[in-house]
Amino acid sequence: MNTVQELFTHPTLAPCIVEGSRTHSYGDVIEGVKRVQETLRDKNIHPQDIVALNTNGEATSIIALLALLDMRCSVLLINSRWPPSMATEAVERVAASHVVTGISLNEIEVQPTPNKRPKPSWAVDAAVIVATSGSTGTPKLALLSLSTLLASAQTVAPACALTPSDRWLLSLPLFHVGGLGILFRTLITGSCLSVSRSDEVYGDPATTHLSLVPTQLYRLLGDARSPELLQTKKAILLGGAPIGARIISECRALSIPVITTYGLTEMGSAVTLASKQLLSDGDTVSLGHPLPGVEVKLSPDGEVLTRGPTRFRGYITPEGLSLPLVEGDWFPTGDIGEILADLTLAIRGRRDAQFISGGENIHPEMIENALTALPGIMAACVVPVPDAEFGCRPSAFVVSARPNLDISEIRESLRTLIPSFALPIAIQEAPIELLTPTGKISRVLAIRLANQG
Ligand code: 4YB
């Protein structure tokens with residue numbers, strides 16, 4: 001399956017997108033795509049153009065995305081949380097000719113950009129451009145062809161037992177691979193996407209599938225009504241950030257059907273899946289086996305390398321595609337992994353996160369794992385701050401599940417879990433600006449903030 005048209009072979013009356021009280025059938029979506037395409041053509045958008053799309057995750061932006069992909073355009077997904085200067089920079093970097101914004105169902109606004117550069121040679125096929133936060137803070141723009149995203153959806157959907165009668169909540173943003181994965185998995189199977197914003201929909205009995213990052217799951221488990229509602233789901237994909245053993249044991253005890261996953265933008269979302277909680281041996285959470293056709297291996301120093309049909313084409317720069325990968329190349333993920341006894345993958349942390357303090361090698365993830373193992377802490381990020389005596393010392397930001405977190409109590413508990421040289425000199429609650437749209441604490445922003453004061 002390579003084209004949008006092939007996605008529209010499902011029964012036209014079957015529900016395709018549910019948005020609040022409105023249901024758009026596959027037939028409605030096909031009609032919507034046609035209408036939007038008329039506007040796109042009227043506004044001088046041609047096949048294979050590069051177009052930026054403001055994606056709010058509502059039915060209208062999904063229809064606009066499908067309309068553009070059906071015209072074989074390359075679509076830059078603009079993160080709704082970017083400041084205008086960042087969006088403008090990304091639009092310039094990809095040499096987009098227009099910016100499209102969904103106004104209401106089937107109604108879009110199209111603005112030409114001042115771009116004068118000739119069309120870059122990479123813009124030949126239906127593709128999506130997804131921003132991924134690099135270690136530098138400036139997002140990298142990864143080019144993923146539609147056929148790659150469909151290949152990914154085709155491997156993940158059966159692993160999640162997705163059938164036409166199922167409904168997957170768009171619980172991650174559409175401008176993130178996790179959200180795109182949800183969209184294409186529902187479209188290829190003829191199942192239904194729920195795009196309602198309200199938190200109520202997590203518990204909607206009609207919703208059979210969810211994709212969650214650990215912070216979202218912690219929040220839902222903290223909500224007294226949620227555990228029972230989560231038990232009735234067919235599958236809850238959990239990934240995108242380190243997963244603590246505690247949350248897995250809690251889900252097991254409550255019979256919540258969690259499927260842990262390791263994935264990344266550059267591989268069109270999931271790389272490995274643990275379809276059953278294979279093991280949660282001590283503090284190690286298994287992320288399962290690679291998806292069919294996807295390969296994973298570790299470099300001699302432990303970095304996760306991966307390749308397969310779901311791999312991206314490269315990062316877009318004003319000069320063209322950087323890191324143009326040829327078939328068969330391994331992609332170095334920057335993650336440090338471990339192959340467990342049952343040959344499944346576990347992730348130990350990011351290669352670029354480690355630093356040295358007083359001659360000791362600090363692995364922030366070791367401290368972060370200790371913090372998230374404590375009750376009440378949903379997420380943690382440990383970063384280096386300069387120190388006259390030690391060169392650097394660890395400083396921690398945490399996301400707490402309850403008000404009035406007792407920092408001195410946390411510090412005391414931490415003493416029993418990690419070596420003294422790794423004890424953070426400061427532990428503070430992460431301000432909301434540090435959280436990425438998927439609920440991770442941004443290491444880049446945390447480093448910036450910790451070093452300001
Ligand atoms: C991890 C990690 C893990 C990623 N442990 N670090 O459909 C899905 O695949 C899905 C379902 C639920 C939640 C998220 C997803 C995703 O797509 C996640 C994809 C993602 O996070 N991409 S990313 O480019 O934003 O970040 C990738 C990085 O995130 C990796 O390189 C890792 O560092 C980290 N990560 N899964 C520990 N299970």
# chains A, B, ... in the order shown; residues from 1 in each chain; ligands from 1

$ select_by_dssp --residues "range 3-249 of chain A" --states "strand (DSSP E)" --output "PyMOL selection string"
chain A and resi 15-19+22-25+50-54+74-78+98-104+107-112+127-133+139-145+167-169+192-194+209-212+235-238

$ write_last_selection --atoms "C-alpha atoms" --output "short mmCIF file (atom, residue, chain, number, x, y, z; two decimals), in the first residue's frame"
data_model
loop_
_atom_site.label_atom_id
_atom_site.label_comp_id
_atom_site.auth_asym_id
_atom_site.auth_seq_id
_atom_site.Cartn_x
_atom_site.Cartn_y
_atom_site.Cartn_z
CA PRO A 15 -16.86 5.46 10.71
CA CYS A 16 -13.47 7.00 9.93
CA ILE A 17 -13.10 9.96 12.31
CA VAL A 18 -15.12 10.61 15.45
CA GLU A 19 -14.91 14.17 16.73
CA ARG A 22 -19.86 14.03 15.04
CA THR A 23 -18.87 10.94 13.10
CA HIS A 24 -17.25 11.30 9.68
CA SER A 25 -17.58 8.14 7.64
CA ILE A 50 6.16 21.46 -0.45
CA VAL A 51 3.46 22.73 1.88
CA ALA A 52 3.44 23.51 5.61
CA LEU A 53 0.34 22.45 7.56
CA ASN A 54 -0.82 23.78 10.91
CA SER A 74 5.59 16.94 0.97
CA VAL A 75 3.90 18.22 4.10
CA LEU A 76 5.75 19.96 6.95
CA LEU A 77 3.74 19.45 10.14
CA ILE A 78 3.88 22.60 12.23
CA HIS A 98 2.36 27.63 1.05
CA VAL A 99 1.08 27.38 4.61
CA VAL A 100 -2.28 25.63 5.02
CA THR A 101 -4.50 26.00 8.08
CA GLY A 102 -7.76 24.16 8.69
CA ILE A 103 -10.57 26.57 9.55
CA SER A 104 -13.60 24.35 9.78
CA GLU A 107 -12.65 24.75 4.83
CA ILE A 108 -8.99 25.70 4.76
CA GLU A 109 -6.92 28.86 4.63
CA VAL A 110 -3.97 28.87 2.23
CA GLN A 111 -1.19 31.45 2.50
CA PRO A 112 1.68 31.66 -0.01
CA ALA A 127 5.91 12.63 2.33
CA VAL A 128 5.58 14.08 5.79
CA ILE A 129 8.23 16.25 7.45
CA VAL A 130 8.32 15.76 11.21
CA ALA A 131 10.36 17.85 13.64
CA THR A 132 12.39 15.91 16.13
CA SER A 133 14.22 17.58 18.99
CA PRO A 139 14.59 20.68 15.88
CA LYS A 140 15.81 18.45 13.09
CA LEU A 141 13.32 17.98 10.27
CA ALA A 142 12.99 14.32 9.31
CA LEU A 143 11.59 13.37 5.90
CA LEU A 144 9.30 10.31 6.03
CA SER A 145 7.67 9.13 2.83
CA ARG A 167 -11.34 2.88 17.73
CA TRP A 168 -7.95 4.46 18.52
CA LEU A 169 -7.83 7.77 20.36
CA CYS A 192 -11.93 4.59 13.48
CA LEU A 193 -9.87 7.50 14.82
CA SER A 194 -11.20 9.47 17.77
CA HIS A 209 -6.73 1.56 21.69
CA LEU A 210 -4.56 4.26 23.23
CA SER A 211 -0.97 5.42 22.69
CA LEU A 212 0.49 6.91 25.83
CA ALA A 235 -4.21 -2.40 23.75
CA ILE A 236 -2.42 0.55 25.29
CA LEU A 237 0.87 1.32 23.56
CA LEU A 238 3.27 2.80 26.08
#

$ residues_near_ligand --ligand "ligand 1" --cutoff "6 Å" --atoms "only C-alpha atoms and all ligand atoms" --output "PyMOL selection string"
chain A and resi 132+177-178+181+211-213+237-243+261-265+269-270+333+335+347+350

$ closest_residue --among "A:Pro324, A:Pro11, A:Gly244, A:Gly302" --to "Ser286 in chain A" --atoms "only C-alpha atoms"
A:Gly244

$ select_by_dssp --residues "range 330-379 of chain A" --states "alpha helix (DSSP H)" --output "JSON, numbers by chain"
{"A": [364, 365, 366, 367, 368, 369, 370, 371, 372]}

$ atom_distance --atom1 "CA of Gly358 in chain A" --atom2 "CA of Pro386 in chain A"
11.1 Å

$ residues_around --residues "Leu162 in chain A" --least-positions-apart "2" --cutoff "9 Å" --atoms "only C-alpha atoms" --output "list in words"
Val156, Ala157, Pro158, Ala159, Cys160, Pro164, Ser165, Asp166, Arg167, Trp168, Arg185, Thr186, Thr189, Ser191, Thr208, His209, Lys234 and Ala235 of chain A

$ residues_around --residues "Ala370 in chain A" --least-positions-apart "4" --cutoff "12 Å" --atoms "only C-alpha atoms" --output "ChimeraX atom specification"
/A:242-246,283,363-366,374-375,377-382,396,398,410-419,422-424

$ residues_around --residues "Pro292 in chain A" --least-positions-apart "5" --cutoff "12 Å" --atoms "only C-alpha atoms" --output "list in words"
Ala151, Ser152, Ala153, Gln154, Thr155, Val156, Ala157, Pro158, Ala159, Ala270, Val271, Thr272, Leu273, Arg307, Gly308, Pro309 and Thr310 of chain A

$ closest_residue --among "A:Lys34, A:Arg225, A:Arg393, A:Arg311" --to "Val4 in chain A" --atoms "only C-alpha atoms"
A:Lys34

$ residues_around --residues "Glu200 in chain A" --least-positions-apart "2" --cutoff "12 Å" --atoms "only C-alpha atoms" --output "list in words"
Gly20, Leu169, Ser171, Ser194, Val195, Ser196, Arg197, Ser198, Tyr202, Gly203, Asp204, Pro205, Ala206, Thr207, Leu220, Asp223, Arg225, Ser226 and Leu229 of chain A

$ write_last_selection --atoms "C-alpha atoms" --output "short mmCIF file (atom, residue, chain, number, x, y, z; two decimals), in the first residue's frame"
data_model
loop_
_atom_site.label_atom_id
_atom_site.label_comp_id
_atom_site.auth_asym_id
_atom_site.auth_seq_id
_atom_site.Cartn_x
_atom_site.Cartn_y
_atom_site.Cartn_z
CA GLY A 20 -17.06 14.84 19.79
CA LEU A 169 -7.83 7.77 20.36
CA SER A 171 -3.83 10.64 22.28
CA SER A 194 -11.20 9.47 17.77
CA VAL A 195 -9.96 13.07 17.84
CA SER A 196 -11.89 14.47 20.74
CA ARG A 197 -9.88 16.73 23.00
CA SER A 198 -11.69 16.16 26.28
CA TYR A 202 -9.79 8.11 27.48
CA GLY A 203 -12.44 6.22 29.35
CA ASP A 204 -14.93 6.07 26.45
CA PRO A 205 -15.84 2.37 26.24
CA ALA A 206 -15.91 2.64 22.42
CA THR A 207 -12.20 3.56 22.45
CA LEU A 220 -4.70 8.30 34.22
CA ASP A 223 -7.55 9.35 38.37
CA ARG A 225 -12.16 6.36 37.63
CA SER A 226 -9.50 5.40 35.12
CA LEU A 229 -11.80 2.02 32.18
#

$ atom_distance --atom1 "CA of Ser97 in chain A" --atom2 "CA of Pro120 in chain A"
11.5 Å

$ closest_residue --among "A:Leu149, A:Leu170, A:Met86, A:Ala353" --to "Ile188 in chain A" --atoms "only C-alpha atoms"
A:Leu149

$ atom_distance --atom1 "CA of Glu250 in chain A" --atom2 "CA of Leu180 in chain A"
28.3 Å

$ residues_around --residues "Glu38 in chain A" --least-positions-apart "6" --cutoff "12 Å" --atoms "only C-alpha atoms" --output "list of chain:residue names"
A:Glu31, A:Gly32, A:Asn44, A:Ile45, A:His46, A:Ala64, A:Ala67, A:Leu68, A:Met71, A:Asn106, A:Glu107, A:Ile108, A:Val110
